$ cat entry_22.cif   # mmCIF, C-alpha atoms
data_upload
#
loop_
_atom_site.label_atom_id
_atom_site.label_comp_id
_atom_site.auth_asym_id
_atom_site.auth_seq_id
_atom_site.Cartn_x
_atom_site.Cartn_y
_atom_site.Cartn_z
CA MET T 8 6.57 58.40 140.06
CA LYS T 9 7.98 61.88 139.69
CA LEU T 10 5.83 64.43 141.53
CA ILE T 11 5.84 68.20 142.00
CA ILE T 12 4.72 69.31 145.49
CA ILE T 13 3.84 73.02 145.56
CA GLY T 14 3.82 74.36 149.10
CA ALA T 15 6.05 71.51 150.23
CA ASN T 16 7.34 73.36 153.27
CA GLY T 17 3.92 74.22 154.75
CA THR T 18 2.19 72.28 157.49
CA VAL T 19 0.18 70.18 155.05
CA GLY T 20 2.93 70.15 152.42
CA SER T 21 5.47 68.74 154.87
CA ALA T 22 3.09 65.93 155.79
CA ILE T 23 2.39 65.24 152.10
CA SER T 24 6.12 65.14 151.41
CA ASN T 25 6.66 62.65 154.25
CA GLU T 26 3.83 60.44 152.99
CA LEU T 27 4.63 60.54 149.27
CA GLY T 28 8.42 60.92 149.55
CA ALA T 29 8.70 57.39 150.92
CA ARG T 30 7.87 55.89 147.51
CA HIS T 31 8.08 58.69 144.92
CA GLU T 32 10.64 61.17 143.60
CA LEU T 33 9.61 64.66 144.77
CA ILE T 34 10.34 68.12 143.38
CA ARG T 35 9.67 70.38 146.37
CA VAL T 36 8.41 73.86 145.49
CA GLY T 37 7.95 76.73 147.94
CA LYS T 38 7.50 80.47 147.92
CA THR T 39 10.93 81.01 149.47
CA SER T 40 12.15 77.46 150.16
CA GLY T 41 12.42 74.08 148.45
CA ASP T 42 14.12 72.92 145.23
CA ILE T 43 12.35 75.59 143.14
CA GLN T 44 10.68 78.88 144.19
CA LEU T 45 7.25 79.91 142.94
CA ASP T 46 4.76 82.70 143.59
CA ILE T 47 1.58 80.80 142.72
CA SER T 48 -0.37 83.99 141.94
CA ASP T 49 1.93 84.64 138.93
CA SER T 50 1.06 82.41 135.97
CA ALA T 51 4.30 83.30 134.19
CA GLN T 52 6.17 81.71 137.10
CA ILE T 53 3.95 78.62 136.85
CA ARG T 54 4.85 78.30 133.15
CA ALA T 55 8.53 78.70 134.02
CA LEU T 56 8.24 76.03 136.72
CA PHE T 57 6.90 73.37 134.34
CA ALA T 58 9.34 74.38 131.59
CA ARG T 59 12.11 73.67 134.11
CA THR T 60 10.75 70.40 135.56
CA GLY T 61 9.63 68.89 132.25
CA LYS T 62 7.27 65.91 132.26
CA VAL T 63 6.04 64.59 135.59
CA ASP T 64 3.50 62.04 136.82
CA GLY T 65 1.68 64.28 139.22
CA VAL T 66 1.41 67.75 140.68
CA VAL T 67 0.09 68.47 144.17
CA VAL T 68 -0.75 71.97 145.36
CA ALA T 69 -1.01 72.85 149.05
CA ALA T 70 -0.46 76.59 148.65
CA GLY T 71 -2.34 79.82 148.12
CA SER T 72 -3.55 82.72 150.24
CA VAL T 73 -7.05 83.94 151.02
CA HIS T 74 -8.23 86.91 153.10
CA PHE T 75 -10.13 86.32 156.33
CA GLY T 76 -12.13 89.32 157.50
CA ALA T 77 -15.57 90.49 158.59
CA LEU T 78 -17.83 90.72 155.54
CA THR T 79 -19.06 94.19 156.42
CA GLU T 80 -15.49 95.47 156.72
CA MET T 81 -14.03 93.81 153.63
CA GLU T 82 -13.16 95.78 150.51
CA GLU T 83 -13.45 94.48 146.96
CA GLN T 84 -9.69 94.00 146.69
CA HIS T 85 -9.72 91.61 149.66
CA PHE T 86 -11.72 89.15 147.56
CA HIS T 87 -9.11 89.39 144.80
CA ILE T 88 -6.38 88.10 147.13
CA GLY T 89 -8.04 84.68 147.27
CA LEU T 90 -9.17 84.80 143.64
CA ASN T 91 -5.64 85.50 142.38
CA SER T 92 -3.74 83.26 144.79
CA LYS T 93 -5.60 80.25 146.21
CA LEU T 94 -8.15 79.98 143.37
CA MET T 95 -6.51 81.01 140.09
CA GLY T 96 -3.06 80.01 141.35
CA GLN T 97 -4.26 76.42 141.68
CA VAL T 98 -6.45 76.56 138.56
CA ASN T 99 -3.47 77.83 136.56
CA VAL T 100 -1.27 75.02 137.91
CA ALA T 101 -3.90 72.53 136.72
CA HIS T 102 -4.51 74.27 133.43
CA ILE T 103 -0.87 74.83 132.51
CA GLY T 104 0.37 71.63 134.14
CA GLN T 105 -1.92 69.26 132.21
CA SER T 106 0.39 69.47 129.18
CA TYR T 107 3.37 68.45 131.31
CA LEU T 108 1.73 65.36 132.82
CA ASN T 109 2.48 61.89 131.55
CA ASP T 110 -0.57 59.81 130.52
CA GLY T 111 -2.62 58.88 133.58
CA GLY T 112 -0.96 61.56 135.68
CA SER T 113 -2.75 63.37 138.47
CA ILE T 114 -3.45 66.90 139.67
CA THR T 115 -4.36 67.36 143.36
CA LEU T 116 -5.57 70.72 144.64
CA THR T 117 -6.51 71.97 148.12
CA SER T 118 -9.76 73.58 149.26
CA GLY T 119 -10.86 73.52 152.93
CA VAL T 120 -13.65 72.95 155.43
CA VAL T 121 -14.80 76.59 155.26
CA GLY T 122 -16.20 75.85 151.79
CA ASP T 123 -19.04 73.81 153.25
CA ALA T 124 -19.07 74.83 156.93
CA PRO T 125 -19.25 78.62 157.23
CA ILE T 126 -17.25 80.46 159.87
CA ARG T 127 -17.27 84.16 160.76
CA ALA T 128 -14.81 86.15 158.63
CA GLY T 129 -14.81 83.33 156.11
CA ALA T 130 -16.97 84.55 153.20
CA SER T 131 -14.02 84.90 150.83
CA ALA T 132 -12.55 81.55 151.89
CA ALA T 133 -15.95 79.88 151.44
CA MET T 134 -16.18 81.36 147.93
CA VAL T 135 -12.67 80.27 146.94
CA ASN T 136 -12.86 76.76 148.41
CA SER T 137 -16.23 76.08 146.77
CA ALA T 138 -14.92 77.47 143.47
CA LEU T 139 -12.02 75.00 143.56
CA GLU T 140 -14.40 72.11 144.16
CA GLY T 141 -16.61 73.22 141.26
CA PHE T 142 -13.59 73.58 138.99
CA VAL T 143 -12.41 70.06 139.82
CA ARG T 144 -15.88 68.59 139.10
CA GLY T 145 -15.92 70.41 135.76
CA ALA T 146 -12.31 69.74 134.76
CA ALA T 147 -12.29 66.04 135.65
CA ILE T 148 -14.64 65.11 132.80
CA GLU T 149 -12.59 67.03 130.21
CA LEU T 150 -9.00 66.09 130.90
CA PRO T 151 -7.49 63.95 128.11
CA ARG T 152 -5.08 60.95 128.20
CA GLY T 153 -6.45 59.48 131.44
CA LEU T 154 -5.32 62.51 133.41
CA ARG T 155 -7.04 62.83 136.76
CA ILE T 156 -7.86 65.77 139.04
CA ASN T 157 -9.06 65.77 142.65
CA VAL T 158 -9.21 68.21 145.53
CA VAL T 159 -8.54 67.65 149.22
CA SER T 160 -10.63 69.64 151.71
CA PRO T 161 -8.83 69.52 155.05
CA GLY T 162 -10.52 70.40 158.31
CA LEU T 163 -8.81 72.59 160.90
CA LEU T 164 -5.31 71.17 161.38
CA GLU T 165 -4.19 70.17 164.87
CA GLU T 166 -1.03 72.16 164.14
CA SER T 167 -3.13 75.29 163.46
CA VAL T 168 -5.34 75.22 166.56
CA ASN T 169 -3.15 77.73 168.41
CA LYS T 170 -3.25 80.17 165.50
CA TYR T 171 -6.81 79.75 164.15
CA GLY T 172 -8.67 77.83 166.83
CA ASP T 173 -10.73 80.84 167.94
CA LEU T 174 -12.34 80.98 164.47
CA PHE T 175 -13.15 77.25 164.60
CA LEU T 176 -14.61 76.69 168.08
CA GLY T 177 -16.40 73.34 168.11
CA PHE T 178 -14.59 72.04 165.02
CA GLU T 179 -12.74 68.78 165.60
CA ALA T 180 -9.12 69.24 164.53
CA VAL T 181 -7.42 66.73 162.21
CA SER T 182 -3.77 65.72 162.07
CA SER T 183 -1.73 66.68 159.01
CA ARG T 184 -0.74 63.00 158.79
CA ARG T 185 -4.41 62.06 158.19
CA VAL T 186 -4.80 64.90 155.71
CA ALA T 187 -1.71 63.69 153.82
CA LEU T 188 -3.37 60.29 153.30
CA ALA T 189 -6.06 61.97 151.19
CA TYR T 190 -3.39 63.35 148.86
CA ALA T 191 -1.97 59.83 148.58
CA ARG T 192 -5.41 58.51 147.59
CA SER T 193 -5.56 61.14 144.87
CA VAL T 194 -2.00 60.56 143.59
CA ASP T 195 -1.74 56.77 143.96
CA GLY T 196 -5.42 55.84 143.62
CA PRO T 197 -7.63 55.52 140.53
CA GLU T 198 -10.23 58.24 141.10
CA THR T 199 -10.94 61.58 139.43
CA GLY T 200 -13.34 64.45 140.12
CA GLN T 201 -13.35 63.63 143.84
CA ILE T 202 -13.50 65.94 146.83
CA TYR T 203 -11.67 64.23 149.69
CA LYS T 204 -13.00 65.75 152.90
CA VAL T 205 -10.73 65.02 155.87
CA ARG T 206 -12.65 65.88 159.05
CA MET O 3 -41.66 95.97 148.98
CA LYS O 4 -39.32 97.93 146.73
CA LEU O 5 -37.01 95.57 144.81
CA ILE O 6 -34.16 95.98 142.35
CA ILE O 7 -34.11 93.31 139.62
CA ILE O 8 -30.75 93.19 137.83
CA GLY O 9 -31.02 91.40 134.48
CA ALA O 10 -34.76 92.08 134.41
CA ASN O 11 -35.00 91.74 130.64
CA GLY O 12 -33.37 88.30 130.39
CA THR O 13 -35.26 85.00 130.16
CA VAL O 14 -35.11 84.39 133.92
CA GLY O 15 -35.32 88.10 134.78
CA SER O 16 -38.55 88.52 132.79
CA ALA O 17 -40.13 85.60 134.62
CA ILE O 18 -38.93 86.98 137.97
CA SER O 19 -40.41 90.38 137.08
CA ASN O 20 -43.74 88.78 136.20
CA GLU O 21 -43.81 86.82 139.45
CA LEU O 22 -42.63 89.59 141.80
CA GLY O 23 -44.11 92.57 139.93
CA ALA O 24 -47.62 91.40 140.79
CA ARG O 25 -47.14 92.37 144.45
CA HIS O 26 -43.97 94.50 144.68
CA GLU O 27 -42.58 97.74 143.26
CA LEU O 28 -39.75 96.86 140.86
CA ILE O 29 -36.75 98.82 139.64
CA ARG O 30 -35.77 97.00 136.46
CA VAL O 31 -32.05 97.07 135.63
CA GLY O 32 -30.50 95.82 132.39
CA LYS O 33 -27.24 96.10 130.49
CA THR O 34 -28.92 98.11 127.73
CA SER O 35 -32.62 98.09 128.75
CA GLY O 36 -34.81 98.71 131.80
CA ASP O 37 -35.23 101.68 134.14
CA ILE O 38 -31.48 101.88 134.84
CA GLN O 39 -28.52 100.51 132.87
CA LEU O 40 -25.67 98.60 134.53
CA ASP O 41 -22.56 96.70 133.46
CA ILE O 42 -22.36 94.31 136.40
CA SER O 43 -18.62 93.70 135.93
CA ASP O 44 -17.94 97.35 136.88
CA SER O 45 -18.22 97.92 140.64
CA ALA O 46 -18.24 101.72 140.18
CA GLN O 47 -21.48 101.33 138.21
CA ILE O 48 -22.89 99.14 141.01
CA ARG O 49 -22.12 101.89 143.53
CA ALA O 50 -23.76 104.45 141.24
CA LEU O 51 -26.85 102.23 140.89
CA PHE O 52 -27.47 102.01 144.64
CA ALA O 53 -26.67 105.72 145.14
CA ARG O 54 -29.44 106.41 142.61
CA THR O 55 -32.06 103.93 143.92
CA GLY O 56 -31.49 104.64 147.62
CA LYS O 57 -32.86 102.22 150.20
CA VAL O 58 -34.69 99.11 148.98
CA ASP O 59 -36.10 95.93 150.50
CA GLY O 60 -34.42 93.49 148.20
CA VAL O 61 -32.06 93.06 145.28
CA VAL O 62 -32.24 90.16 142.85
CA VAL O 63 -29.49 89.40 140.35
CA ALA O 64 -30.09 87.28 137.25
CA ALA O 65 -27.17 88.60 135.23
CA GLY O 66 -23.52 87.91 134.52
CA SER O 67 -21.45 86.25 131.82
CA VAL O 68 -19.24 83.18 131.91
CA HIS O 69 -17.11 81.59 129.19
CA PHE O 70 -18.00 78.14 127.89
CA GLY O 71 -15.15 76.38 126.12
CA ALA O 72 -13.13 73.17 126.02
CA LEU O 73 -10.75 73.09 128.98
CA THR O 74 -7.72 72.20 126.86
CA GLU O 75 -8.40 75.15 124.54
CA MET O 76 -9.18 77.77 127.17
CA GLU O 77 -6.75 80.56 128.01
CA GLU O 78 -6.30 82.09 131.46
CA GLN O 79 -8.24 85.22 130.47
CA HIS O 80 -11.31 83.11 129.64
CA PHE O 81 -11.60 82.24 133.34
CA HIS O 82 -11.50 85.94 134.21
CA ILE O 83 -14.66 86.62 132.18
CA GLY O 84 -16.74 84.62 134.63
CA LEU O 85 -14.74 85.76 137.67
CA ASN O 86 -15.23 89.44 136.83
CA SER O 87 -18.82 89.25 135.58
CA LYS O 88 -20.99 86.42 136.95
CA LEU O 89 -18.98 85.92 140.17
CA MET O 90 -17.59 89.26 141.35
CA GLY O 91 -20.42 91.19 139.66
CA GLN O 92 -22.92 89.40 141.90
CA VAL O 93 -20.64 89.41 144.95
CA ASN O 94 -20.15 93.16 144.54
CA VAL O 95 -23.91 93.70 144.28
CA ALA O 96 -24.31 91.80 147.56
CA HIS O 97 -21.35 93.45 149.24
CA ILE O 98 -22.15 97.02 148.16
CA GLY O 99 -25.91 96.55 148.31
CA GLN O 100 -26.08 95.37 151.93
CA SER O 101 -25.75 98.99 153.13
CA TYR O 102 -28.72 100.02 150.99
CA LEU O 103 -31.06 97.31 152.25
CA ASN O 104 -33.72 98.04 154.84
CA ASP O 105 -33.65 95.80 157.93
CA GLY O 106 -34.70 92.24 157.03
CA GLY O 107 -34.07 92.88 153.35
CA SER O 108 -32.89 90.17 150.99
CA ILE O 109 -30.20 89.54 148.40
CA THR O 110 -30.85 86.81 145.81
CA LEU O 111 -28.10 85.68 143.45
CA THR O 112 -28.03 83.20 140.56
CA SER O 113 -25.73 80.21 140.07
CA GLY O 114 -26.71 77.24 137.84
CA VAL O 115 -26.91 73.49 137.42
CA VAL O 116 -23.39 73.28 135.95
CA GLY O 117 -22.02 73.96 139.44
CA ASP O 118 -22.98 70.49 140.64
CA ALA O 119 -23.58 68.57 137.38
CA PRO O 120 -20.55 68.92 135.11
CA ILE O 121 -20.96 69.35 131.36
CA ARG O 122 -18.31 69.49 128.65
CA ALA O 123 -16.96 73.01 128.12
CA GLY O 124 -18.27 73.95 131.56
CA ALA O 125 -15.19 74.03 133.84
CA SER O 126 -15.29 77.81 134.22
CA ALA O 127 -19.07 77.84 134.77
CA ALA O 128 -18.75 75.06 137.35
CA MET O 129 -16.08 77.07 139.17
CA VAL O 130 -18.13 80.29 139.16
CA ASN O 131 -21.46 78.70 140.13
CA SER O 132 -19.87 76.78 143.01
CA ALA O 133 -18.06 79.94 144.12
CA LEU O 134 -21.37 81.81 144.32
CA GLU O 135 -22.89 79.06 146.44
CA GLY O 136 -19.89 79.08 148.78
CA PHE O 137 -20.05 82.86 149.07
CA VAL O 138 -23.74 82.75 149.98
CA ARG O 139 -23.12 80.09 152.67
CA GLY O 140 -20.34 82.25 154.10
CA ALA O 141 -22.09 85.63 153.82
CA ALA O 142 -25.43 84.48 155.25
CA ILE O 143 -24.04 84.04 158.77
CA GLU O 144 -22.38 87.47 158.78
CA LEU O 145 -25.02 89.84 157.40
CA PRO O 146 -26.33 92.25 160.07
CA ARG O 147 -29.86 93.63 160.75
CA GLY O 148 -31.70 90.45 159.74
CA LEU O 149 -30.50 90.80 156.16
CA ARG O 150 -30.78 87.56 154.20
CA ILE O 151 -28.92 86.13 151.19
CA ASN O 152 -29.79 83.13 149.03
CA VAL O 153 -28.87 81.80 145.61
CA VAL O 154 -31.04 80.18 142.96
CA SER O 155 -29.47 77.44 140.84
CA PRO O 156 -31.67 77.00 137.76
CA GLY O 157 -31.49 73.95 135.54
CA LEU O 158 -31.45 74.24 131.74
CA LEU O 159 -34.33 76.57 130.84
CA GLU O 160 -36.97 75.35 128.42
CA GLU O 161 -36.48 78.64 126.61
CA SER O 162 -32.75 77.89 126.16
CA VAL O 163 -33.05 74.35 124.78
CA ASN O 164 -32.68 75.50 121.17
CA LYS O 165 -29.54 77.48 121.96
CA TYR O 166 -27.79 75.29 124.58
CA GLY O 167 -29.58 71.93 124.42
CA ASP O 168 -26.64 70.16 122.73
CA LEU O 169 -24.49 70.84 125.81
CA PHE O 170 -27.21 69.46 128.12
CA LEU O 171 -28.37 66.24 126.48
CA GLY O 172 -30.28 64.19 129.04
CA PHE O 173 -30.94 67.17 131.30
CA GLU O 174 -34.63 67.79 132.00
CA ALA O 175 -35.44 71.38 131.12
CA VAL O 176 -37.32 73.63 133.54
CA SER O 177 -39.69 76.50 132.81
CA SER O 178 -38.63 80.02 133.71
CA ARG O 179 -41.96 80.33 135.54
CA ARG O 180 -40.89 77.52 137.94
CA VAL O 181 -37.44 79.09 138.31
CA ALA O 182 -39.04 82.43 139.18
CA LEU O 183 -40.87 80.81 142.11
CA ALA O 184 -37.52 80.10 143.76
CA TYR O 185 -36.66 83.81 143.64
CA ALA O 186 -40.02 84.51 145.28
CA ARG O 187 -39.19 82.04 148.07
CA SER O 188 -35.94 83.92 148.65
CA VAL O 189 -37.50 87.42 148.53
CA ASP O 190 -40.82 86.75 150.28
CA GLY O 191 -39.80 83.83 152.49
CA PRO O 192 -37.89 83.72 155.78
CA GLU O 193 -34.77 81.75 154.85
CA THR O 194 -31.11 82.69 154.48
CA GLY O 195 -28.00 80.87 153.25
CA GLN O 196 -30.10 78.63 151.02
CA ILE O 197 -29.30 77.22 147.58
CA TYR O 198 -32.61 76.82 145.75
CA LYS O 199 -32.02 74.19 143.06
CA VAL O 200 -34.76 74.22 140.44
CA ARG O 201 -34.46 71.01 138.39
#

$ encode --input "entry_22.cif" --output "structure tokens"
Amino acid sequence: MKLIIIGANGTVGSAISNELGARHELIRVGKTSGDIQLDISDSAQIRALFARTGKVDGVVVAAGSVHFGALTEMEEQHFHIGLNSKLMGQVNVAHIGQSYLNDGGSITLTSGVVGDAPIRAGASAAMVNSALEGFVRGAAIELPRGLRINVVSPGLLEESVNKYGDLFLGFEAVSSRRVALAYARSVDGPETGQIYKVR
Amino acid sequence: MKLIIIGANGTVGSAISNELGARHELIRVGKTSGDIQLDISDSAQIRALFARTGKVDGVVVAAGSVHFGALTEMEEQHFHIGLNSKLMGQVNVAHIGQSYLNDGGSITLTSGVVGDAPIRAGASAAMVNSALEGFVRGAAIELPRGLRINVVSPGLLEESVNKYGDLFLGFEAVSSRRVALAYARSVDGPETGQIYKVR
């Protein structure tokens, strides 16, 4: 299969590329690296990406920013960072990309553990991650031509413990290799409308 | 208690006002009706509302628009209707309103059954409703001074069957009187971070 991996150079994206690259042809997309560059918060760039790649069998997104900050100190615009990037960036990839998918093709998005397990400073992340899971439930029943859509909700990555561990005390970390398997289930498996929680 | 009811003239808002008005002082807010007018998608108007009401013991929101439409026919801007109105309108009420709540005061938002039970034409509503539930989970653990936040997820209202019933075939309708009880649990009860599903 021919697959687009958006965020291919990130911690999760690298593991996904290792897992899926062994048996599929990958187009690696990154903000500043990879075969093609993309700012996921700009839908015009998403349109340009698919116009350049043409038809594919799947698109995987492991990209998008969200603001972490104390609720009482956040400003309205901090919420819009996650809404424009991690949420609508991924929704736009799904929404624009559906026309570029071959019959039976798949869309795989990324939410995160903060959607169902709250952490301090995580109100915006909880909102965005839950929104992505709701969107996938809603979109899965409407996609035509056997197209499928799923979302992977990774726990705290082992590789991120040094950077974010203080926010996730008591959370069991997961390896990016295990997380990548969930993306493989979405891409290579038969399911749609699923939330793959890797914890 | 002194409570602000936003969307007080709607089907759910009227039932909430009946239930809570029997024992509390209500400030009824509507888009074009009520004691004070408010366009919930405009955060400047939300700031002006609280500046005018001063301190209260609770704020209830049963307001906000979202676009229903076939996923393959939707445009990007259709998603922003729900993001700006039903999602960020309610989030801004919570975020701005927290400073105007007396200690132990409550915030009660409104999601909906489409967040967990997908219907055709409901991808944007599923996204927005799930986002609200994620936000409430995240915000509940951060609010200071014993402030509480919950969300009510009503099923299809009996009063809306004529208008929306075709989208919800097989869904058991609920009375707005039963839905209003969930808002009372949030306002008068002790809980926080809860999703009250009325089905």

$ resolve_selection --input "entry_22.cif" --expression "the PyMOL selection byres ((chain O) within 7 of (chain T))" --output "PyMOL selection string"
chain O and resi 73+117-118+120-122+124-126+128-130+132-134+136-137+139-141+144

$ axis_aligned_box --input "entry_22.cif" --around "range 56-60 of chain T" --padding-each-side "6 Å" --output "lines of an AutoDock Vina configuration file"
center_x = 9.5
center_y = 73.2
center_z = 134.2
size_x = 17.2
size_y = 17.6
size_z = 17.1

$ resolve_selection --input "entry_22.cif" --expression "the PyMOL selection byres ((chain T and resi 11-28) around 6)" --output "PyMOL selection string"
chain T and resi 10+29-31+33-37+66-70+183-184+187

$ resolve_selection --input "entry_22.cif" --expression "the PyMOL selection byres ((chain O and resi 176) around 9)" --output "compact mmCIF listing (two decimals) with C-alpha atoms, keeping the file's coordinate frame"
# COMPACT_ATOMS: atom_id res chain seq x y z
CA PRO O 156 -31.67 77.00 137.76
CA GLY O 157 -31.49 73.95 135.54
CA LEU O 158 -31.45 74.24 131.74
CA LEU O 159 -34.33 76.57 130.84
CA GLU O 160 -36.97 75.35 128.42
CA GLU O 161 -36.48 78.64 126.61
CA GLU O 174 -34.63 67.79 132.00
CA ALA O 175 -35.44 71.38 131.12
CA SER O 177 -39.69 76.50 132.81
CA SER O 178 -38.63 80.02 133.71
CA ARG O 179 -41.96 80.33 135.54
CA ARG O 180 -40.89 77.52 137.94
CA VAL O 181 -37.44 79.09 138.31
CA VAL O 200 -34.76 74.22 140.44
CA ARG O 201 -34.46 71.01 138.39

$ residues_around --input "entry_22.cif" --residues "Gly106 in chain O" --least-positions-apart "4" --cutoff "12 Å" --atoms "only C-alpha atoms" --output "ChimeraX atom specification"
/O:3,58-60,100-102,145-151,188-194

$ atom_distance --input "entry_22.cif" --atom1 "CA of Gly84 in chain O" --atom2 "CA of Ser67 in chain O"
5.7 Å

$ closest_residue --input "entry_22.cif" --among "O:Tyr185, O:Ala53, O:Lys88, O:Ile42" --to "His69 in chain O" --atoms "all atoms listed in the file"
O:Lys88

$ atom_distance --input "entry_22.cif" --atom1 "CA of Gln201 in chain T" --atom2 "CA of Ser160 in chain T"
10.3 Å

$ closest_residue --input "entry_22.cif" --among "O:Leu40, O:Leu103, O:Val153, O:Leu51" --to "Ser87 in chain O" --atoms "all atoms listed in the file"
O:Leu40

$ closest_residue --input "entry_22.cif" --among "T:Arg192, T:Lys204, T:Gly76, T:Leu116" --to "Leu174 in chain T" --atoms "all atoms listed in the file"
T:Gly76

$ atom_distance --input "entry_22.cif" --atom1 "CA of Asp49 in chain T" --atom2 "CA of Asn91 in chain T"
8.4 Å

$ closest_residue --input "entry_22.cif" --among "O:His80, O:Lys165, O:Lys4, O:Arg54" --to "Gln39 in chain O" --atoms "all atoms listed in the file"
O:Arg54

$ build_atoms --input "entry_22.cif" --residues "range 125-131 of chain T" --atoms "all heavy atoms" --output "compact mmCIF listing (two decimals), in the frame of the given file"
# COMPACT_ATOMS: atom_id res chain seq x y z
N PRO T 125 -19.62 77.20 157.12
CA PRO T 125 -19.25 78.62 157.23
C PRO T 125 -18.72 78.97 158.60
O PRO T 125 -19.17 78.44 159.61
CB PRO T 125 -20.56 79.34 156.93
CG PRO T 125 -21.64 78.35 157.19
CD PRO T 125 -21.05 77.01 156.91
N ILE T 126 -17.74 79.87 158.62
CA ILE T 126 -17.25 80.46 159.87
C ILE T 126 -17.29 81.97 159.70
O ILE T 126 -17.28 82.48 158.58
CB ILE T 126 -15.81 80.03 160.22
CG1 ILE T 126 -14.81 80.51 159.15
CG2 ILE T 126 -15.72 78.53 160.43
CD1 ILE T 126 -13.37 80.42 159.58
N ARG T 127 -17.33 82.70 160.82
CA ARG T 127 -17.27 84.16 160.76
C ARG T 127 -15.95 84.58 160.10
O ARG T 127 -14.92 83.96 160.32
CB ARG T 127 -17.36 84.76 162.16
CG ARG T 127 -18.72 84.56 162.81
CD ARG T 127 -18.80 85.30 164.15
NE ARG T 127 -19.98 84.85 164.92
CZ ARG T 127 -19.96 83.87 165.81
NH1 ARG T 127 -18.82 83.24 166.09
NH2 ARG T 127 -21.06 83.51 166.43
N ALA T 128 -16.00 85.62 159.33
CA ALA T 128 -14.81 86.15 158.63
C ALA T 128 -14.38 85.27 157.47
O ALA T 128 -13.32 85.47 156.90
CB ALA T 128 -13.64 86.37 159.60
N GLY T 129 -15.22 84.31 157.10
CA GLY T 129 -14.81 83.33 156.11
C GLY T 129 -15.52 83.40 154.77
O GLY T 129 -15.44 82.46 153.98
N ALA T 130 -16.20 84.51 154.45
CA ALA T 130 -16.97 84.55 153.20
C ALA T 130 -16.08 84.39 151.97
O ALA T 130 -16.44 83.68 151.02
CB ALA T 130 -17.77 85.86 153.10
N SER T 131 -14.92 85.02 151.99
CA SER T 131 -14.02 84.90 150.83
C SER T 131 -13.45 83.49 150.75
O SER T 131 -13.35 82.91 149.66
CB SER T 131 -12.90 85.94 150.93
OG SER T 131 -11.99 85.76 149.88
